[in-house]
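Raw contents of query-v6.cif, mmCIF, C-alpha atoms (C1' of nucleotides):
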```cif
data_input
loop_
_atom_site.label_atom_id
_atom_site.label_comp_id
_atom_site.auth_asym_id
_atom_site.auth_seq_id
_atom_site.Cartn_x
_atom_site.Cartn_y
_atom_site.Cartn_z
CA MET N 11 0.00 0.00 0.00
CA PRO N 12 1.94 3.01 -1.28
CA THR N 13 0.54 5.51 1.20
CA ASP N 14 -2.50 6.96 -0.51
CA LEU N 15 -2.86 10.19 1.41
CA HIS N 16 -6.49 11.14 0.73
CA PRO N 17 -8.19 8.77 3.21
CA VAL N 18 -5.63 9.66 5.84
CA PHE N 19 -6.31 13.38 5.43
CA ALA N 20 -10.04 12.71 5.60
CA ALA N 21 -9.56 10.67 8.76
CA LEU N 22 -7.44 13.31 10.46
CA ALA N 23 -9.67 16.21 9.45
CA ASP N 24 -12.37 15.58 12.04
CA ASP N 25 -11.62 17.13 15.39
CA THR N 26 -13.14 14.42 17.57
CA ARG N 27 -11.33 11.73 15.63
CA TRP N 28 -8.02 13.54 15.95
CA ARG N 29 -8.53 13.88 19.71
CA ILE N 30 -9.34 10.19 19.99
CA LEU N 31 -6.17 9.37 18.10
CA GLN N 32 -4.09 11.63 20.33
CA ARG N 33 -5.65 9.99 23.37
CA LEU N 34 -4.69 6.55 22.01
CA GLY N 35 -1.17 7.85 21.50
CA ARG N 36 -0.89 8.16 25.27
CA SER N 37 -2.16 4.66 26.07
CA PRO N 38 -4.34 1.96 24.45
CA ASP N 39 -8.00 1.73 25.38
CA SER N 40 -11.36 0.27 24.34
CA ALA N 41 -14.29 2.08 22.73
CA SER N 42 -16.22 2.02 26.01
CA GLY N 43 -13.21 3.28 27.92
CA LEU N 44 -12.83 6.17 25.53
CA ALA N 45 -16.55 6.93 25.66
CA ALA N 46 -16.20 7.49 29.41
CA GLU N 47 -13.67 10.25 28.80
CA PHE N 48 -15.29 11.95 25.83
CA THR N 49 -18.59 13.76 25.57
CA VAL N 50 -19.86 11.70 22.63
CA SER N 51 -21.56 8.31 22.68
CA ARG N 52 -19.75 4.97 22.51
CA GLN N 53 -21.28 4.31 19.08
CA ALA N 54 -19.84 7.56 17.74
CA ILE N 55 -16.43 6.59 19.11
CA ALA N 56 -16.75 3.16 17.52
CA LYS N 57 -17.44 4.71 14.13
CA HIS N 58 -14.36 6.89 14.43
CA LEU N 59 -12.27 3.90 15.40
CA THR N 60 -13.31 1.94 12.31
CA VAL N 61 -12.41 4.92 10.14
CA LEU N 62 -9.03 5.23 11.82
CA GLU N 63 -8.37 1.51 11.60
CA ARG N 64 -9.42 1.34 7.96
CA CYS N 65 -6.58 3.68 6.99
CA GLY N 66 -4.04 2.12 9.32
CA LEU N 67 -3.80 4.88 11.92
CA VAL N 68 -4.99 2.55 14.67
CA THR N 69 -4.54 -1.12 15.46
CA SER N 70 -6.87 -3.33 17.49
CA GLU N 71 -6.37 -6.37 19.68
CA ARG N 72 -9.09 -8.52 21.23
CA VAL N 73 -8.68 -9.01 24.99
CA GLY N 74 -11.46 -11.15 26.42
CA ARG N 75 -14.75 -9.42 25.72
CA GLU N 76 -13.19 -6.09 24.93
CA ILE N 77 -11.21 -4.73 21.99
CA ARG N 78 -8.16 -2.68 22.83
CA PHE N 79 -7.14 0.01 20.32
CA SER N 80 -3.79 1.76 20.09
CA ALA N 81 -2.42 4.49 17.85
CA ALA N 82 -0.11 3.37 15.05
CA GLY N 83 2.59 5.97 15.55
CA SER N 84 4.86 4.44 12.94
CA ARG N 85 2.10 4.74 10.35
CA LEU N 86 1.56 8.39 11.17
CA SER N 87 5.29 9.00 10.94
CA ALA N 88 5.38 7.38 7.51
CA VAL N 89 2.53 9.63 6.37
CA GLY N 90 4.39 12.65 7.70
CA ARG N 91 7.53 11.78 5.83
CA ALA N 92 5.54 11.21 2.62
CA ILE N 93 3.99 14.66 2.99
CA ASP N 94 7.39 16.17 3.61
CA ALA N 95 8.67 14.61 0.40
CA VAL N 96 5.76 15.95 -1.65
CA GLY N 97 6.32 19.46 -0.32
CA ALA N 98 10.03 19.26 -1.03
CA GLY N 99 9.29 18.20 -4.61
CA TRP N 100 7.02 21.19 -5.16
CA GLU N 101 9.61 23.51 -3.67
CA ARG N 102 12.27 22.23 -6.05
CA ARG N 103 10.13 22.49 -9.17
CA LEU N 104 8.72 25.93 -8.39
CA SER N 105 12.06 27.47 -7.55
CA ALA N 106 13.45 26.07 -10.81
CA ILE N 107 10.60 27.75 -12.71
CA LYS N 108 11.23 31.00 -10.88
CA GLU N 109 14.93 30.97 -11.69
CA ALA N 110 14.23 30.28 -15.34
CA ALA N 111 11.82 33.20 -15.48
CA GLU N 112 14.36 35.58 -13.96
CA ARG N 113 17.04 34.44 -16.40
CA ASP N 114 14.85 34.97 -19.49
CA GLN N 115 13.56 38.32 -18.36
CA MET I 11 2.53 30.11 14.48
CA PRO I 12 3.46 26.74 15.99
CA THR I 13 1.92 24.63 13.23
CA ASP I 14 -1.61 23.98 14.41
CA LEU I 15 -2.41 20.90 12.41
CA HIS I 16 -6.21 20.83 12.51
CA PRO I 17 -6.93 23.49 9.85
CA VAL I 18 -4.27 21.98 7.61
CA PHE I 19 -5.86 18.53 7.84
CA ALA I 20 -9.26 20.05 7.12
CA ALA I 21 -7.83 21.89 4.11
CA LEU I 22 -6.17 18.79 2.69
CA ALA I 23 -9.14 16.52 3.29
CA ASP I 24 -11.21 17.71 0.35
CA ASP I 25 -10.33 15.96 -2.88
CA THR I 26 -10.82 18.92 -5.22
CA ARG I 27 -8.75 21.13 -2.94
CA TRP I 28 -5.95 18.59 -2.81
CA ARG I 29 -5.94 18.31 -6.61
CA ILE I 30 -5.80 22.08 -6.94
CA LEU I 31 -2.86 22.16 -4.57
CA GLN I 32 -1.05 19.43 -6.48
CA ARG I 33 -1.70 21.34 -9.70
CA LEU I 34 -0.17 24.48 -8.15
CA GLY I 35 2.81 22.39 -7.14
CA ARG I 36 3.59 21.95 -10.83
CA SER I 37 3.32 25.63 -11.74
CA PRO I 38 1.64 28.81 -10.44
CA ASP I 39 -1.68 29.88 -11.92
CA SER I 40 -4.71 32.12 -11.37
CA ALA I 41 -8.20 31.09 -10.26
CA SER I 42 -9.52 31.53 -13.79
CA GLY I 43 -6.65 29.55 -15.26
CA LEU I 44 -7.34 26.70 -12.88
CA ALA I 45 -11.06 26.84 -13.58
CA ALA I 46 -10.31 26.16 -17.25
CA GLU I 47 -8.61 22.87 -16.30
CA PHE I 48 -11.03 21.67 -13.64
CA THR I 49 -14.67 20.68 -13.92
CA VAL I 50 -15.84 23.03 -11.17
CA SER I 51 -16.66 26.71 -11.43
CA ARG I 52 -14.18 29.52 -10.91
CA GLN I 53 -16.01 30.58 -7.74
CA ALA I 54 -15.58 27.13 -6.25
CA ILE I 55 -11.88 27.27 -7.09
CA ALA I 56 -11.62 30.69 -5.50
CA LYS I 57 -13.17 29.42 -2.27
CA HIS I 58 -10.68 26.57 -2.15
CA LEU I 59 -7.81 28.97 -2.74
CA THR I 60 -8.84 31.17 0.18
CA VAL I 61 -9.00 28.10 2.43
CA LEU I 62 -5.57 26.98 1.28
CA GLU I 63 -4.09 30.44 1.65
CA ARG I 64 -5.62 30.91 5.10
CA CYS I 65 -3.59 28.00 6.45
CA GLY I 66 -0.44 28.88 4.54
CA LEU I 67 -0.45 26.09 1.98
CA VAL I 68 -0.64 28.57 -0.88
CA THR I 69 0.80 32.03 -1.53
CA SER I 70 -0.60 34.69 -3.85
CA GLU I 71 0.92 37.47 -5.89
CA ARG I 72 -0.92 40.15 -7.82
CA VAL I 73 0.14 40.44 -11.46
CA GLY I 74 -1.81 43.14 -13.28
CA ARG I 75 -5.48 42.25 -13.10
CA GLU I 76 -4.88 38.67 -12.13
CA ILE I 77 -3.74 36.96 -8.94
CA ARG I 78 -1.19 34.24 -9.34
CA PHE I 79 -1.21 31.44 -6.74
CA SER I 80 1.54 28.95 -6.04
CA ALA I 81 1.87 26.02 -3.66
CA ALA I 82 3.92 26.63 -0.51
CA GLY I 83 5.97 23.45 -0.65
CA SER I 84 8.10 24.46 2.31
CA ARG I 85 4.99 24.87 4.44
CA LEU I 86 3.73 21.42 3.48
CA SER I 87 7.14 19.96 4.27
CA ALA I 88 7.09 21.58 7.69
CA VAL I 89 3.66 20.10 8.35
CA GLY I 90 4.90 16.70 7.26
CA ARG I 91 7.85 16.82 9.62
CA ALA I 92 5.59 17.91 12.48
CA ILE I 93 3.33 14.92 11.82
CA ASP I 94 6.34 12.63 11.69
CA ALA I 95 7.45 13.91 15.08
CA VAL I 96 4.03 13.32 16.63
CA GLY I 97 3.92 9.75 15.36
CA ALA I 98 7.41 9.08 16.63
CA GLY I 99 6.42 10.35 20.07
CA TRP I 100 3.45 7.99 20.22
CA GLU I 101 5.60 5.11 19.10
CA ARG I 102 8.10 5.75 21.88
CA ARG I 103 5.50 6.05 24.62
CA LEU I 104 3.44 3.04 23.56
CA SER I 105 6.42 0.73 23.22
CA ALA I 106 7.56 1.80 26.68
CA ILE I 107 4.14 0.90 28.08
CA LYS I 108 4.23 -2.44 26.32
CA GLU I 109 7.67 -3.29 27.69
CA ALA I 110 6.59 -2.41 31.21
CA ALA I 111 3.53 -4.66 30.89
CA GLU I 112 5.64 -7.60 29.74
CA ARG I 113 8.08 -7.10 32.59
CA ASP I 114 5.34 -7.04 35.27
CA GLN I 115 3.47 -9.99 33.85
"C1'" DA Z 14 -14.72 55.06 -24.49
"C1'" DT Z 15 -15.97 50.45 -24.98
"C1'" DT Z 16 -15.23 45.86 -24.53
"C1'" DC Z 17 -13.38 41.88 -22.39
"C1'" DA Z 18 -10.83 39.09 -18.92
"C1'" DG Z 19 -10.25 38.45 -14.11
"C1'" DT Z 20 -11.95 39.01 -9.52
"C1'" DG Z 21 -15.34 39.63 -5.44
"C1'" DC Z 22 -19.68 39.11 -3.09
"C1'" DA Z 23 -24.19 37.10 -1.75
"C1'" DA Z 24 -27.80 33.94 -1.74
"C1'" DC Z 25 -29.12 29.56 -2.54
"C1'" DC Z 26 -29.25 24.11 -3.02
"C1'" DC Z 27 -27.91 19.63 -1.61
"C1'" DT Z 28 -25.27 15.85 -0.10
"C1'" DG Z 29 -21.93 13.50 3.13
"C1'" DG Z 30 -21.05 12.32 7.40
"C1'" DA Z 31 -21.00 13.18 12.59
"C1'" DG Z 32 -23.95 12.13 16.21
"C1'" DT Z 33 -27.95 10.02 18.42
"C1'" DT Z 34 -31.29 6.36 20.09
"C1'" DG Z 35 -32.81 1.68 20.56
"C1'" DC Z 36 -32.14 -2.92 20.17
"C1'" DT Z 37 -29.58 -7.45 19.99
"C1'" DC Z 38 -25.61 -10.41 20.69
"C1'" DT Z 39 -21.64 -12.04 23.22
"C1'" DT Z 40 -18.64 -13.01 27.03
"C1'" DC Z 41 -17.01 -12.55 31.49
"C1'" DT Z 42 -18.10 -13.07 36.62
"C1'" DA Z 43 -20.41 -13.57 41.02
"C1'" DT G 16 -27.09 -19.37 35.49
"C1'" DA G 17 -28.30 -14.63 36.03
"C1'" DG G 18 -26.80 -10.32 35.34
"C1'" DA G 19 -23.72 -6.87 33.89
"C1'" DA G 20 -20.27 -4.97 30.76
"C1'" DG G 21 -18.58 -4.58 26.16
"C1'" DA G 22 -19.51 -4.74 21.33
"C1'" DG G 23 -22.36 -4.63 16.78
"C1'" DC G 24 -26.29 -3.03 13.72
"C1'" DA G 25 -29.80 -0.13 11.77
"C1'" DA G 26 -32.49 3.82 11.24
"C1'" DC G 27 -32.87 8.45 12.05
"C1'" DT G 28 -31.68 13.70 12.63
"C1'" DC G 29 -29.05 17.60 11.54
"C1'" DC G 30 -25.81 20.81 9.69
"C1'" DA G 31 -21.22 22.25 7.88
"C1'" DG G 32 -19.44 23.05 3.71
"C1'" DG G 33 -18.76 22.12 -1.39
"C1'" DG G 34 -20.92 23.64 -5.45
"C1'" DT G 35 -23.87 26.60 -8.13
"C1'" DT G 36 -25.91 30.93 -10.30
"C1'" DG G 37 -26.22 35.86 -10.81
"C1'" DC G 38 -24.53 40.26 -10.58
"C1'" DA G 39 -21.22 44.14 -9.63
"C1'" DC G 40 -16.49 45.88 -9.69
"C1'" DT G 41 -11.76 46.67 -11.71
"C1'" DG G 42 -7.93 46.89 -14.68
"C1'" DA G 43 -6.18 46.20 -19.86
"C1'" DA G 44 -6.35 46.56 -24.49
"C1'" DT G 45 -8.23 48.12 -28.88
#
```

Would you write the structure of this file as structure tokens?
Amino acid sequence: MPTDLHPVFAALADDTRWRILQRLGRSPDSASGLAAEFTVSRQAIAKHLTVLERCGLVTSERVGREIRFSAAGSRLSAVGRAIDAVGAGWERRLSAIKEAAERDQ
Amino acid sequence: MPTDLHPVFAALADDTRWRILQRLGRSPDSASGLAAEFTVSRQAIAKHLTVLERCGLVTSERVGREIRFSAAGSRLSAVGRAIDAVGAGWERRLSAIKEAAERDQ
DNA sequence: ATTCAGTGCAACCCTGGAGTTGCTCTTCTA
DNA sequence: TAGAAGAGCAACTCCAGGGTTGCACTGAAT
């Protein structure tokens, strides 16, 4: 999976989802556990978790009758580096265009 | 401005906006110029450009009666590195927790 | 001075998705 | 073997925001 960025951006765009992810970056927890700390319902949390898991930002592990989620920090790092690379590419190309324009002028 | 990520995520989440930004990463252009290449109206493009500019992903420069926009690659790179750092932090903390759990058990 | 290209503003429509409620199913535990 | 705690499913509400149309304004060019 060569890091398609669109679903990741969409996942990170929602504020509640981003807060959930940050929370899971501190320590793993279940949907019910998270629901106790947030102001939204457990079902809402569960939806967010499926979105996050679908694009690899969260991993899950069954423990008895509960499902423990944790943030996939390495995945987020990989996304960050991919974004960095894209930006660097634009910077290179645009400065080359600018230089060329100044030379011709 | 210490790189507040939320507005950037929101800006990048929309597909049309992301495509516009990628397009501007190839070469600068005006809202009208972009509208000729995309399937959406110039006004829609203009809205996207204000969103992108508001969070620093795009810069503008007035040239006669037109406004030329270009992608701020360096800004995107900075965002990418910030994201990388966040992910790395989570990774560190969570692996520490995991190790501690295995030791106790 | 008139026309045309580019921009700005405002009002409007409409869909995606965040959130809720209500119910069922499963799995520990007392 | 109840009962409680955690999870899953489905239907529903609601609104932010992406997209549109229509018109007014401004600078260039002929």

Gap from atom CA of Leu34 of chain N to atom CA of Leu67 of chain N - Å, one decimal: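 Computing the Euclidean distance for atom CA of Leu34 of chain N and atom CA of Leu67 of chain N yields 10.3 Å.
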
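You will find atom CA of Arg103 of chain N at 24.7 Å from atom CA of Ser87 of chain N.
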
Which residues fall under the PyMOL selection byres ((chain N) within 9 of (chain G)) in this file, as a list in words?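 Taken over the shown coordinates, the PyMOL selection byres ((chain N) within 9 of (chain G)) returns Ser40, Ala41, Ser42, Arg75, Glu76 and Ile77 of chain N.
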
Post-fit chain N coords, all in-order Cα pairs vs chain I, as a PDB file with C-alpha atoms, in the coordinates of the input:
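Wrote it out as superposed.pdb, contents follow:
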```
ATOM      1  CA  MET N  11       2.510  30.129  14.429  1.00  0.00           C
ATOM      2  CA  PRO N  12       3.459  26.768  15.935  1.00  0.00           C
ATOM      3  CA  THR N  13       1.904  24.627  13.223  1.00  0.00           C
ATOM      4  CA  ASP N  14      -1.619  23.972  14.419  1.00  0.00           C
ATOM      5  CA  LEU N  15      -2.436  20.885  12.407  1.00  0.00           C
ATOM      6  CA  HIS N  16      -6.248  20.837  12.503  1.00  0.00           C
ATOM      7  CA  PRO N  17      -6.935  23.496   9.836  1.00  0.00           C
ATOM      8  CA  VAL N  18      -4.287  21.975   7.614  1.00  0.00           C
ATOM      9  CA  PHE N  19      -5.886  18.531   7.846  1.00  0.00           C
ATOM     10  CA  ALA N  20      -9.278  20.065   7.117  1.00  0.00           C
ATOM     11  CA  ALA N  21      -7.848  21.873   4.107  1.00  0.00           C
ATOM     12  CA  LEU N  22      -6.180  18.774   2.704  1.00  0.00           C
ATOM     13  CA  ALA N  23      -9.163  16.506   3.305  1.00  0.00           C
ATOM     14  CA  ASP N  24     -11.206  17.711   0.343  1.00  0.00           C
ATOM     15  CA  ASP N  25     -10.340  15.965  -2.880  1.00  0.00           C
ATOM     16  CA  THR N  26     -10.819  18.918  -5.217  1.00  0.00           C
ATOM     17  CA  ARG N  27      -8.742  21.136  -2.972  1.00  0.00           C
ATOM     18  CA  TRP N  28      -5.948  18.587  -2.813  1.00  0.00           C
ATOM     19  CA  ARG N  29      -5.941  18.308  -6.613  1.00  0.00           C
ATOM     20  CA  ILE N  30      -5.798  22.079  -6.945  1.00  0.00           C
ATOM     21  CA  LEU N  31      -2.853  22.157  -4.576  1.00  0.00           C
ATOM     22  CA  GLN N  32      -1.052  19.427  -6.501  1.00  0.00           C
ATOM     23  CA  ARG N  33      -1.692  21.334  -9.714  1.00  0.00           C
ATOM     24  CA  LEU N  34      -0.164  24.472  -8.159  1.00  0.00           C
ATOM     25  CA  GLY N  35       2.826  22.383  -7.138  1.00  0.00           C
ATOM     26  CA  ARG N  36       3.600  21.946 -10.826  1.00  0.00           C
ATOM     27  CA  SER N  37       3.336  25.631 -11.746  1.00  0.00           C
ATOM     28  CA  PRO N  38       1.637  28.802 -10.430  1.00  0.00           C
ATOM     29  CA  ASP N  39      -1.676  29.877 -11.906  1.00  0.00           C
ATOM     30  CA  SER N  40      -4.712  32.112 -11.368  1.00  0.00           C
ATOM     31  CA  ALA N  41      -8.200  31.080 -10.261  1.00  0.00           C
ATOM     32  CA  SER N  42      -9.533  31.535 -13.797  1.00  0.00           C
ATOM     33  CA  GLY N  43      -6.652  29.561 -15.245  1.00  0.00           C
ATOM     34  CA  LEU N  44      -7.340  26.709 -12.879  1.00  0.00           C
ATOM     35  CA  ALA N  45     -11.069  26.851 -13.593  1.00  0.00           C
ATOM     36  CA  ALA N  46     -10.290  26.155 -17.255  1.00  0.00           C
ATOM     37  CA  GLU N  47      -8.613  22.885 -16.315  1.00  0.00           C
ATOM     38  CA  PHE N  48     -11.026  21.674 -13.661  1.00  0.00           C
ATOM     39  CA  THR N  49     -14.661  20.704 -13.945  1.00  0.00           C
ATOM     40  CA  VAL N  50     -15.842  23.061 -11.197  1.00  0.00           C
ATOM     41  CA  SER N  51     -16.660  26.756 -11.444  1.00  0.00           C
ATOM     42  CA  ARG N  52     -14.157  29.573 -10.936  1.00  0.00           C
ATOM     43  CA  GLN N  53     -15.994  30.641  -7.770  1.00  0.00           C
ATOM     44  CA  ALA N  54     -15.591  27.168  -6.286  1.00  0.00           C
ATOM     45  CA  ILE N  55     -11.879  27.275  -7.097  1.00  0.00           C
ATOM     46  CA  ALA N  56     -11.616  30.712  -5.512  1.00  0.00           C
ATOM     47  CA  LYS N  57     -13.166  29.433  -2.297  1.00  0.00           C
ATOM     48  CA  HIS N  58     -10.684  26.579  -2.161  1.00  0.00           C
ATOM     49  CA  LEU N  59      -7.820  28.968  -2.743  1.00  0.00           C
ATOM     50  CA  THR N  60      -8.827  31.176   0.187  1.00  0.00           C
ATOM     51  CA  VAL N  61      -9.004  28.109   2.413  1.00  0.00           C
ATOM     52  CA  LEU N  62      -5.578  26.974   1.267  1.00  0.00           C
ATOM     53  CA  GLU N  63      -4.095  30.434   1.655  1.00  0.00           C
ATOM     54  CA  ARG N  64      -5.621  30.916   5.093  1.00  0.00           C
ATOM     55  CA  CYS N  65      -3.602  27.987   6.444  1.00  0.00           C
ATOM     56  CA  GLY N  66      -0.437  28.856   4.561  1.00  0.00           C
ATOM     57  CA  LEU N  67      -0.463  26.070   1.978  1.00  0.00           C
ATOM     58  CA  VAL N  68      -0.629  28.565  -0.878  1.00  0.00           C
ATOM     59  CA  THR N  69       0.796  32.007  -1.521  1.00  0.00           C
ATOM     60  CA  SER N  70      -0.603  34.669  -3.844  1.00  0.00           C
ATOM     61  CA  GLU N  71       0.935  37.462  -5.874  1.00  0.00           C
ATOM     62  CA  ARG N  72      -0.925  40.168  -7.783  1.00  0.00           C
ATOM     63  CA  VAL N  73       0.162  40.476 -11.425  1.00  0.00           C
ATOM     64  CA  GLY N  74      -1.777  43.188 -13.225  1.00  0.00           C
ATOM     65  CA  ARG N  75      -5.451  42.302 -13.071  1.00  0.00           C
ATOM     66  CA  GLU N  76      -4.867  38.712 -12.113  1.00  0.00           C
ATOM     67  CA  ILE N  77      -3.742  36.976  -8.930  1.00  0.00           C
ATOM     68  CA  ARG N  78      -1.174  34.245  -9.329  1.00  0.00           C
ATOM     69  CA  PHE N  79      -1.220  31.437  -6.743  1.00  0.00           C
ATOM     70  CA  SER N  80       1.542  28.946  -6.034  1.00  0.00           C
ATOM     71  CA  ALA N  81       1.864  26.011  -3.662  1.00  0.00           C
ATOM     72  CA  ALA N  82       3.916  26.602  -0.520  1.00  0.00           C
ATOM     73  CA  GLY N  83       5.965  23.427  -0.648  1.00  0.00           C
ATOM     74  CA  SER N  84       8.105  24.422   2.308  1.00  0.00           C
ATOM     75  CA  ARG N  85       4.988  24.834   4.438  1.00  0.00           C
ATOM     76  CA  LEU N  86       3.730  21.402   3.476  1.00  0.00           C
ATOM     77  CA  SER N  87       7.127  19.928   4.265  1.00  0.00           C
ATOM     78  CA  ALA N  88       7.071  21.544   7.698  1.00  0.00           C
ATOM     79  CA  VAL N  89       3.628  20.057   8.344  1.00  0.00           C
ATOM     80  CA  GLY N  90       4.900  16.657   7.260  1.00  0.00           C
ATOM     81  CA  ARG N  91       7.831  16.791   9.606  1.00  0.00           C
ATOM     82  CA  ALA N  92       5.564  17.877  12.482  1.00  0.00           C
ATOM     83  CA  ILE N  93       3.315  14.888  11.814  1.00  0.00           C
ATOM     84  CA  ASP N  94       6.313  12.602  11.696  1.00  0.00           C
ATOM     85  CA  ALA N  95       7.418  13.873  15.093  1.00  0.00           C
ATOM     86  CA  VAL N  96       3.994  13.301  16.646  1.00  0.00           C
ATOM     87  CA  GLY N  97       3.902   9.734  15.353  1.00  0.00           C
ATOM     88  CA  ALA N  98       7.399   9.060  16.628  1.00  0.00           C
ATOM     89  CA  GLY N  99       6.391  10.332  20.071  1.00  0.00           C
ATOM     90  CA  TRP N 100       3.419   7.977  20.210  1.00  0.00           C
ATOM     91  CA  GLU N 101       5.581   5.082  19.092  1.00  0.00           C
ATOM     92  CA  ARG N 102       8.071   5.737  21.876  1.00  0.00           C
ATOM     93  CA  ARG N 103       5.478   6.051  24.625  1.00  0.00           C
ATOM     94  CA  LEU N 104       3.428   3.030  23.573  1.00  0.00           C
ATOM     95  CA  SER N 105       6.395   0.726  23.228  1.00  0.00           C
ATOM     96  CA  ALA N 106       7.560   1.816  26.688  1.00  0.00           C
ATOM     97  CA  ILE N 107       4.136   0.896  28.096  1.00  0.00           C
ATOM     98  CA  LYS N 108       4.249  -2.444  26.324  1.00  0.00           C
ATOM     99  CA  GLU N 109       7.681  -3.278  27.693  1.00  0.00           C
ATOM    100  CA  ALA N 110       6.613  -2.374  31.205  1.00  0.00           C
ATOM    101  CA  ALA N 111       3.586  -4.635  30.918  1.00  0.00           C
ATOM    102  CA  GLU N 112       5.691  -7.578  29.762  1.00  0.00           C
ATOM    103  CA  ARG N 113       8.158  -7.062  32.606  1.00  0.00           C
ATOM    104  CA  ASP N 114       5.457  -6.999  35.313  1.00  0.00           C
ATOM    105  CA  GLN N 115       3.597  -9.967  33.935  1.00  0.00           C
TER     106      GLN N 115
END
```

I'd like to see the residues matched by the PyMOL selection byres ((chain I and resi 23) around 10) on this file, and ideally I'd get them as a list in words.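 Applying the expression gives Leu15, His16, Pro17, Val18, Phe19, Ala20, Ala21, Leu22, Ala23 and Asp24 of chain N; Pro17, Val18, Phe19, Ala20, Ala21, Leu22, Asp24, Asp25, Thr26, Arg27 and Trp28 of chain I.
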
Please save C-alpha atoms of the selected residues as a JSON list (two decimals), in the frame of the given file.
```json
[["chain", "number", "residue", "atom", "x", "y", "z"],
["N", 15, "LEU", "CA", -2.86, 10.19, 1.41],
["N", 16, "HIS", "CA", -6.49, 11.14, 0.73],
["N", 17, "PRO", "CA", -8.19, 8.77, 3.21],
["N", 18, "VAL", "CA", -5.63, 9.66, 5.84],
["N", 19, "PHE", "CA", -6.31, 13.38, 5.43],
["N", 20, "ALA", "CA", -10.04, 12.71, 5.60],
["N", 21, "ALA", "CA", -9.56, 10.67, 8.76],
["N", 22, "LEU", "CA", -7.44, 13.31, 10.46],
["N", 23, "ALA", "CA", -9.67, 16.21, 9.45],
["N", 24, "ASP", "CA", -12.37, 15.58, 12.04],
["I", 17, "PRO", "CA", -6.93, 23.49, 9.85],
["I", 18, "VAL", "CA", -4.27, 21.98, 7.61],
["I", 19, "PHE", "CA", -5.86, 18.53, 7.84],
["I", 20, "ALA", "CA", -9.26, 20.05, 7.12],
["I", 21, "ALA", "CA", -7.83, 21.89, 4.11],
["I", 22, "LEU", "CA", -6.17, 18.79, 2.69],
["I", 24, "ASP", "CA", -11.21, 17.71, 0.35],
["I", 25, "ASP", "CA", -10.33, 15.96, -2.88],
["I", 26, "THR", "CA", -10.82, 18.92, -5.22],
["I", 27, "ARG", "CA", -8.75, 21.13, -2.94],
["I", 28, "TRP", "CA", -5.95, 18.59, -2.81]]
```

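With distances taken over all atoms listed in the file, N:Val50 is the one residue among N:Val73, N:Val50, N:Leu104, N:Leu44 lying closest to chain Z.
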
Define the interface residues of chain N facing chain I as those within 6 Å, counting only C-alpha atoms, and report them as a CSV table (one decimal) with C-alpha atoms, keeping the file's coordinate frame.
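This went into out.csv:
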```
chain,number,residue,atom,x,y,z
N,19,PHE,CA,-6.3,13.4,5.4
N,20,ALA,CA,-10.0,12.7,5.6
N,23,ALA,CA,-9.7,16.2,9.4
N,35,GLY,CA,-1.2,7.8,21.5
N,83,GLY,CA,2.6,6.0,15.6
N,84,SER,CA,4.9,4.4,12.9
N,86,LEU,CA,1.6,8.4,11.2
N,87,SER,CA,5.3,9.0,10.9
N,90,GLY,CA,4.4,12.6,7.7
N,91,ARG,CA,7.5,11.8,5.8
N,93,ILE,CA,4.0,14.7,3.0
N,94,ASP,CA,7.4,16.2,3.6
N,97,GLY,CA,6.3,19.5,-0.3
N,98,ALA,CA,10.0,19.3,-1.0
N,100,TRP,CA,7.0,21.2,-5.2
N,101,GLU,CA,9.6,23.5,-3.7
```

Point-to-point distance in Å for atom CA of Ala106 of chain N and atom CA of Thr49 of chain I: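 Between atom CA of Thr49 of chain I and atom CA of Ala106 of chain N the gap is 28.8 Å.
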
Z:DA18, Z:DA31, Z:DC26, Z:DA43 ranked by distance to chain I, top pick (using all atoms listed in the file):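 Comparing Z:DA18, Z:DA31, Z:DC26, Z:DA43 against chain I, the winner is Z:DA18.
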
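Candidate residues N:Gly43, N:Ile30, N:Gly74, N:Cys65 were compared for distance to chain Z, and the nearest is N:Gly74, using all atoms listed in the file.
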
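What the PyMOL selection byres ((chain Z) within 10 of (chain I)) picks from this file is DA18, DG19, DT20 and DG21 of chain Z.
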
Since we have the selection now, will you write its residues out, keeping C-alpha atoms (C1' of nucleotides), as a PDB file, keeping the file's coordinate frame?
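Result file selection16.pdb:
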```pdb
ATOM      1  C1'  DA Z  18     -10.830  39.090 -18.920  1.00  0.00           C
ATOM      2  C1'  DG Z  19     -10.250  38.450 -14.110  1.00  0.00           C
ATOM      3  C1'  DT Z  20     -11.950  39.010  -9.520  1.00  0.00           C
ATOM      4  C1'  DG Z  21     -15.340  39.630  -5.440  1.00  0.00           C
TER       5       DG Z  21
END
```

Do you know which residues are at most 9 Å from Glu63 of chain I counting all atoms listed in the file, after dropping those on the same chain fewer than 6 positions away, and could you put them as an NGL selection string? :I and (69-70 or 79)

Hey, could you patch up segment 49-53 of chain I with N, CA and C atoms and hand it over as a CSV table (one decimal), keeping the file's coordinate frame?
```
chain,number,residue,atom,x,y,z
I,49,THR,N,-13.3,20.8,-13.5
I,49,THR,CA,-14.7,20.7,-13.9
I,49,THR,C,-15.6,21.5,-13.1
I,50,VAL,N,-15.0,22.2,-12.0
I,50,VAL,CA,-15.8,23.0,-11.2
I,50,VAL,C,-15.7,24.5,-11.6
I,51,SER,N,-16.6,25.3,-11.1
I,51,SER,CA,-16.7,26.7,-11.4
I,51,SER,C,-15.5,27.5,-10.8
I,52,ARG,N,-15.2,28.7,-11.4
I,52,ARG,CA,-14.2,29.5,-10.9
I,52,ARG,C,-14.4,29.9,-9.5
I,53,GLN,N,-15.7,30.2,-9.1
I,53,GLN,CA,-16.0,30.6,-7.7
I,53,GLN,C,-15.7,29.5,-6.7
```
